[in-house]
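Participant: This is the structure I have questions about; it appears just below.
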Amino acid sequence: MFNKVLIANRGEIAARVARTCSRLGVKSVAIYSDADWGAPHTEAANEAHYVGAAPVAHSYLNIERIIDIAQHTGCDAIHPGYGLLSENVAFINAIQTVGLTFIGPHANNVELMGDKQRARAFARDCGIPIVPGSDEITDSQQAKEFAERMGYPILVKAAAGGGGIGMQLCHS
């Protein structure tokens with residue numbers, strides 16, 4: 001069990017992680033930017049520390065600053081929540097490099113699942129049923145031919161999208 005966990009996120013997910021830590025007897029550290037000082041997630045945690053300016057590139061995506069806060073506050077683990085840095089292999093590796101624990105999947109699994117073509121091939125090789133789909137499609141003509149073979153509607157997804165961004169339902 002951990003003694004103290006930094007929650008590298010904001011909003012409802014960060015508040016839920018903080019409440020769960022509390023139920024488990026684990027202290028929690030929230031981070032906040034200029035935009036969310038005093039937000040509910042900062043109140044749910046045992047401590048709250050300023051991570052940076054409002055743009056997420058200067059705060060919730062600032063790997064070095066987040067790890068610095070975790071070390072400075074005596075955390076032994078970091079929970080990423082979802083979105084933001086939760087699927088960032090460099091973040092996971094940086095956490096582990098300084099001797100902290102990343103609460104989440106192993107970096108190799110995150111890397112594999114981040115590439116949807118590799119993830120589909122892996123699942124297929126393991127005998128896991130997958131939704132019918134294509135191999136890599138690199139131009140609109142290939143996409144049109146595939147859709148006509150499969151039948152509409154189809155769901156178009158970038159192989160390395162991220163969090164559902166870029167999915168589009170196509171009826172024609």
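FYI, nothing fancy with the structure tokens labels: chains A, B, ... in order, residues from 1 per chain, ligands from 1 as they appear.
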Enumerate, as a PyMOL selection string, the complete set of residues in range 36-126 of chain A that a backbone-based DSSP assignment places in strand (DSSP E).
Facilitator: chain A and resi 47-52+77-79+101-102
Participant: Quote the spacing between CA of Trp37 in chain A and CA of Ile92 in chain A in Å to one decimal place.
Facilitator: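 Computed distance, CA of Trp37 in chain A to CA of Ile92 in chain A, equals 25.8 Å.
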Participant: Return as a Markdown table the residues of range 50-100 of chain A lying at most 10 Å from range 113-134 of chain A, together with the closest atom-to-atom pair for each and the distance in Å to one decimal, counting only C-alpha atoms, with rows in chain order and ascending residue number.
Facilitator:
```
| residue | atom | partner | partner_atom | distance |
| --- | --- | --- | --- | --- |
| A:Glu87 | CA | A:Gly114 | CA | 7.5 |
| A:Asn88 | CA | A:Gly114 | CA | 9.1 |
| A:Val89 | CA | A:Gly114 | CA | 9.6 |
```
Participant: Determine, counting only C-alpha atoms, which protein, DNA and RNA residues have an atom within 12 Å of an atom of Cys75 in chain A; residues of the same chain fewer than 3 positions away are not included. Present the result as a ChimeraX atom specification.
Facilitator: /A:2-8,26-30,46-47,66-72,78-79,95,98-102
Participant: Take the residues that were just selected and, keeping C-alpha atoms, output them as a PDB file, in the first residue's frame.
Facilitator:
```pdb
ATOM      1  CA  PHE A   2       1.114   3.542  -0.616  1.00  0.00           C
ATOM      2  CA  ASN A   3       1.544   6.244   2.014  1.00  0.00           C
ATOM      3  CA  LYS A   4       0.910   9.249  -0.226  1.00  0.00           C
ATOM      4  CA  VAL A   5      -0.267   9.559  -3.827  1.00  0.00           C
ATOM      5  CA  LEU A   6      -0.037  12.565  -6.117  1.00  0.00           C
ATOM      6  CA  ILE A   7      -3.042  12.824  -8.432  1.00  0.00           C
ATOM      7  CA  ALA A   8      -1.814  14.159 -11.779  1.00  0.00           C
ATOM      8  CA  VAL A  26      -3.666   6.861   1.952  1.00  0.00           C
ATOM      9  CA  LYS A  27      -2.844  10.578   1.916  1.00  0.00           C
ATOM     10  CA  SER A  28      -3.365  12.389  -1.383  1.00  0.00           C
ATOM     11  CA  VAL A  29      -1.843  15.403  -3.090  1.00  0.00           C
ATOM     12  CA  ALA A  30      -3.819  17.385  -5.637  1.00  0.00           C
ATOM     13  CA  ASN A  46      -5.059  16.198   1.906  1.00  0.00           C
ATOM     14  CA  GLU A  47      -2.801  18.741   0.203  1.00  0.00           C
ATOM     15  CA  ILE A  66       4.483  17.151 -11.538  1.00  0.00           C
ATOM     16  CA  ILE A  67       7.278  14.779 -10.548  1.00  0.00           C
ATOM     17  CA  ASP A  68       9.026  17.562  -8.627  1.00  0.00           C
ATOM     18  CA  ILE A  69       5.850  18.167  -6.595  1.00  0.00           C
ATOM     19  CA  ALA A  70       5.471  14.432  -5.942  1.00  0.00           C
ATOM     20  CA  GLN A  71       9.043  14.170  -4.676  1.00  0.00           C
ATOM     21  CA  HIS A  72       8.869  17.405  -2.667  1.00  0.00           C
ATOM     22  CA  ILE A  78       1.409   9.013  -8.908  1.00  0.00           C
ATOM     23  CA  HIS A  79      -2.099   8.325 -10.187  1.00  0.00           C
ATOM     24  CA  ILE A  95       8.014   8.471 -12.749  1.00  0.00           C
ATOM     25  CA  VAL A  98      12.970   8.667  -9.970  1.00  0.00           C
ATOM     26  CA  GLY A  99      11.808   5.657  -7.961  1.00  0.00           C
ATOM     27  CA  LEU A 100       8.096   6.430  -7.738  1.00  0.00           C
ATOM     28  CA  THR A 101       5.283   4.071  -8.714  1.00  0.00           C
ATOM     29  CA  PHE A 102       2.938   4.773 -11.611  1.00  0.00           C
TER      30      PHE A 102
END
```
Participant: Using only C-alpha atoms, find the one residue out of A:Leu61, A:Ala15, A:Leu24, A:Cys170 that sits nearest to Ala48 in chain A.
Facilitator: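 Under the stated criterion, the closest residue is A:Ala15.
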Participant: Tell me, which residues of chain A carry DSSP helix (DSSP H, G or I), written as a PyMOL selection string?
Facilitator: chain A and resi 11-23+34-36+40-44+56-58+63-72+89-97+107-114+116-125+140-150
Participant: Excluding range 145-147 of chain A and its own-chain neighbours fewer than 5 positions away, which residues fall within 10 Å of it when counting only C-alpha atoms? Please give them as an mmCIF file with C-alpha atoms, in the first residue's frame.
Facilitator:
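Result file result_30.cif:
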```
data_model
loop_
_atom_site.group_PDB
_atom_site.id
_atom_site.type_symbol
_atom_site.label_atom_id
_atom_site.label_comp_id
_atom_site.auth_asym_id
_atom_site.auth_seq_id
_atom_site.Cartn_x
_atom_site.Cartn_y
_atom_site.Cartn_z
ATOM 1 C CA GLY A 133 -11.996 -3.652 -39.275
ATOM 2 C CA SER A 134 -9.271 -2.923 -41.720
ATOM 3 C CA ASP A 135 -5.560 -3.095 -41.831
ATOM 4 C CA ILE A 137 -5.625 2.493 -44.850
ATOM 5 C CA SER A 140 -9.392 7.983 -49.326
ATOM 6 C CA TYR A 152 -22.260 1.338 -44.160
ATOM 7 C CA PRO A 153 -22.295 2.734 -41.594
ATOM 8 C CA ILE A 154 -18.637 2.461 -40.624
ATOM 9 C CA LEU A 155 -16.631 4.022 -37.846
ATOM 10 C CA VAL A 156 -13.393 5.660 -38.925
ATOM 11 C CA CYS A 170 -19.792 7.609 -41.713
ATOM 12 C CA HIS A 171 -23.064 6.708 -43.436
ATOM 13 C CA SER A 172 -21.742 7.206 -46.958
#
```
Participant: Looking at A:Arg23, A:Asn62, A:Asn109, A:Tyr82, which one is nearest to Ala94 in chain A, with distances taken over only C-alpha atoms?
Facilitator: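 Between A:Arg23, A:Asn62, A:Asn109, A:Tyr82, the residue approaching Ala94 in chain A most closely is A:Asn62.
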Participant: Closest to Arg65 in chain A among A:Ala107, A:Ala39, A:Ile31, A:Ala90, using only C-alpha atoms?
Facilitator: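 Using only C-alpha atoms, Arg65 in chain A sits closest to A:Ile31.
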Participant: Smallest atom-to-atom distance to Ala158 in chain A: which of A:Gly38, A:Glu136, A:Val17, A:Ser86, using only C-alpha atoms?
Facilitator: A:Glu136
Participant: Select, from A:Glu12, A:Ser22, A:Asp34, A:Gln142, the residue with the minimum atom-to-atom distance to Gly52 in chain A, counting only C-alpha atoms.
Facilitator: A:Asp34
